[in-house]
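**Q** Here's a structure for you.
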Amino acid sequence: MPNVLVIDDERMICDLIKQALGRLDISVDTAENAMGGIHQFENGDYDLVITDVRMPGVDGHTVVHHIRKSKRDKTPVIGVSGTPWLLQNGDFDEVFSKPFAIQSLIEKVRDLTKMTESADRPLPAAVGSF
């Protein structure tokens, strides 16, 4: 089962992603700011990190730079932001502009964590776009 860390200062976004990925038996931890996310990354074992780019104080660019300089520098990182012009950073493995279709995010999570097709269960209709 993949372990994913979601970092976003908007609790609703963390909860939505956690709910959607949890339905696919993906373990999800969340952090509401970049420093908390960096701390969790250092103390956890994550297959993927999803981070908002624009957050108060330390931002998602700092998160991805920290990961790329760590011992686990190959950990895939997805950047998301309501300001897509801030996503022009080659350190991210994938970028999503808010709003995004949750199904597109799920497909990218499956791809980056190498989930097998046996985990290819459809989402309930209640989980759609964000």
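Ordering of the structure tokens sets the chain letters (A, B, ...); residue numbers start at 1 within each chain; ligands are numbered from 1 in the order shown.
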Just the alpha helix (DSSP H) stuff from region 24-113 of chain A, please, per backbone DSSP, written as a count of residues only.
**A** 31
**Q** Write out as a list in words the residues lying within 12 Å of Lys108 (chain A), counting only C-alpha atoms and excluding same-chain residues fewer than 2 positions away.
**A**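 Skipping anything fewer than 2 positions along the chain leaves Leu21, Leu48, Val49, Ile50, Pro76, Val77, Ile78, Gly79, Asp93, Glu94, Val95, Phe96, Ala101, Ile102, Gln103, Ser104, Leu105, Ile106, Arg110, Asp111, Leu112, Thr113, Lys114 and Met115 of chain A.
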**Q** For the selection just defined, write its residues with C-alpha atoms to a file, as a compact mmCIF listing (two decimals), in the first residue's frame.
**A**
```txt
# COMPACT_ATOMS: atom_id res chain seq x y z
CA LEU A 21 -6.90 8.25 -2.11
CA LEU A 48 4.90 10.34 -2.98
CA VAL A 49 4.42 13.92 -1.79
CA ILE A 50 1.64 16.24 -2.99
CA PRO A 76 8.05 11.88 -6.62
CA VAL A 77 6.53 15.29 -5.85
CA ILE A 78 3.32 16.68 -7.32
CA GLY A 79 2.88 20.45 -7.06
CA ASP A 93 7.46 15.41 -11.20
CA GLU A 94 3.99 16.67 -12.11
CA VAL A 95 2.03 19.88 -11.65
CA PHE A 96 -1.70 20.49 -11.31
CA ALA A 101 -10.15 16.87 -11.62
CA ILE A 102 -9.55 14.53 -8.70
CA GLN A 103 -9.61 11.57 -11.10
CA SER A 104 -6.63 13.08 -12.98
CA LEU A 105 -4.73 13.41 -9.71
CA ILE A 106 -5.57 9.81 -8.79
CA ARG A 110 -1.21 5.55 -9.44
CA ASP A 111 1.41 6.14 -12.11
CA LEU A 112 4.02 7.69 -9.81
CA THR A 113 3.56 5.08 -7.07
CA LYS A 114 3.43 2.22 -9.58
CA MET A 115 0.09 0.97 -8.28
```
**Q** Kindly indicate which residue among A:Pro99, A:Met1, A:Ser81, A:Phe41 lies nearest to Gly60 (chain A), using only C-alpha atoms for the distances.
**A** A:Ser81
**Q** Taking 6 positions as the minimum chain separation for residues in the same chain, which residues sit within 6 Å of region 26-39 of chain A when counting only C-alpha atoms? Answer as a list in words.
**A**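 My reading of the contact set: Met1, Pro2, Asn3, Val4, Leu5, Val6, Ile7, Asp8, Asp9, Lys18, Val58 and Asp59 of chain A.
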**Q** Go ahead and dump the residues you just picked, N, CA and C atoms, as a PDB file, in the first residue's frame.
**A**
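Result file selection.pdb:
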```pdb
ATOM      1  N   MET A   1       0.849  -1.176   0.000  1.00  0.00           N
ATOM      2  CA  MET A   1       0.000   0.000   0.000  1.00  0.00           C
ATOM      3  C   MET A   1       0.897   1.243   0.000  1.00  0.00           C
ATOM      4  N   PRO A   2       0.724   2.129  -0.975  1.00  0.00           N
ATOM      5  CA  PRO A   2       1.534   3.347  -1.027  1.00  0.00           C
ATOM      6  C   PRO A   2       1.244   4.279   0.145  1.00  0.00           C
ATOM      7  N   ASN A   3       2.263   5.028   0.550  1.00  0.00           N
ATOM      8  CA  ASN A   3       2.136   6.058   1.575  1.00  0.00           C
ATOM      9  C   ASN A   3       2.349   7.406   0.909  1.00  0.00           C
ATOM     10  N   VAL A   4       1.380   8.312   1.083  1.00  0.00           N
ATOM     11  CA  VAL A   4       1.419   9.617   0.445  1.00  0.00           C
ATOM     12  C   VAL A   4       1.336  10.702   1.510  1.00  0.00           C
ATOM     13  N   LEU A   5       2.112  11.751   1.339  1.00  0.00           N
ATOM     14  CA  LEU A   5       2.054  12.925   2.203  1.00  0.00           C
ATOM     15  C   LEU A   5       1.447  14.069   1.406  1.00  0.00           C
ATOM     16  N   VAL A   6       0.391  14.675   1.945  1.00  0.00           N
ATOM     17  CA  VAL A   6      -0.277  15.812   1.316  1.00  0.00           C
ATOM     18  C   VAL A   6      -0.025  17.047   2.179  1.00  0.00           C
ATOM     19  N   ILE A   7       0.509  18.098   1.566  1.00  0.00           N
ATOM     20  CA  ILE A   7       0.815  19.339   2.279  1.00  0.00           C
ATOM     21  C   ILE A   7       0.022  20.470   1.627  1.00  0.00           C
ATOM     22  N   ASP A   8      -0.878  21.055   2.387  1.00  0.00           N
ATOM     23  CA  ASP A   8      -1.673  22.174   1.872  1.00  0.00           C
ATOM     24  C   ASP A   8      -2.216  22.961   3.049  1.00  0.00           C
ATOM     25  N   ASP A   9      -2.174  24.284   2.962  1.00  0.00           N
ATOM     26  CA  ASP A   9      -2.679  25.111   4.050  1.00  0.00           C
ATOM     27  C   ASP A   9      -4.204  25.184   4.062  1.00  0.00           C
ATOM     28  N   LYS A  18      -7.213  13.145   0.806  1.00  0.00           N
ATOM     29  CA  LYS A  18      -7.097  11.996   1.707  1.00  0.00           C
ATOM     30  C   LYS A  18      -8.282  11.052   1.532  1.00  0.00           C
ATOM     31  N   VAL A  58       6.927  29.459   4.491  1.00  0.00           N
ATOM     32  CA  VAL A  58       7.667  28.525   3.644  1.00  0.00           C
ATOM     33  C   VAL A  58       6.704  27.926   2.619  1.00  0.00           C
ATOM     34  N   ASP A  59       7.122  27.843   1.362  1.00  0.00           N
ATOM     35  CA  ASP A  59       6.206  27.398   0.312  1.00  0.00           C
ATOM     36  C   ASP A  59       6.577  26.024  -0.253  1.00  0.00           C
TER      37      ASP A  59
END
```
**Q** Using DSSP secondary structure from the backbone, list all strand (DSSP E or B) positions within region 8-104 of chain A, as a list in words.
**A**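 Across region 8-104 of chain A, those assigned strand (DSSP E or B) are Ser27, Val28, Asp29, Thr30, Ala31, Leu48, Val49, Ile50, Thr51, Asp52, Val77, Ile78, Gly79, Val80, Ser81, Glu94, Val95, Phe96, Ser97 and Ala101 of chain A.
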**Q** Report, in Å to a single decimal, how far apart CA of Val64 (chain A) and CA of Thr51 (chain A) are.
**A**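 Computed distance, CA of Thr51 (chain A) to CA of Val64 (chain A), equals 8.3 Å.
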**Q** Compare A:Glu42, A:Asp25, A:Asp15, A:Asp52 by their minimum atom-to-atom distance to Thr75 (chain A), counting only C-alpha atoms, and give me the closest one.
**A**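 Nearest candidate to Thr75 (chain A) out of A:Glu42, A:Asp25, A:Asp15, A:Asp52: A:Glu42.
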**Q** Between CA of Ala20 (chain A) and CA of Phe92 (chain A), what distance in Å does the model show, to one decimal?
**A**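 That distance, rounded to one decimal, is 21.6 Å.
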**Q** Calculate how many Å separate CA of Glu10 (chain A) from CA of Asp73 (chain A), rounding to one decimal.
**A**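 Separating CA of Glu10 (chain A) from CA of Asp73 (chain A) is a distance of 25.9 Å.
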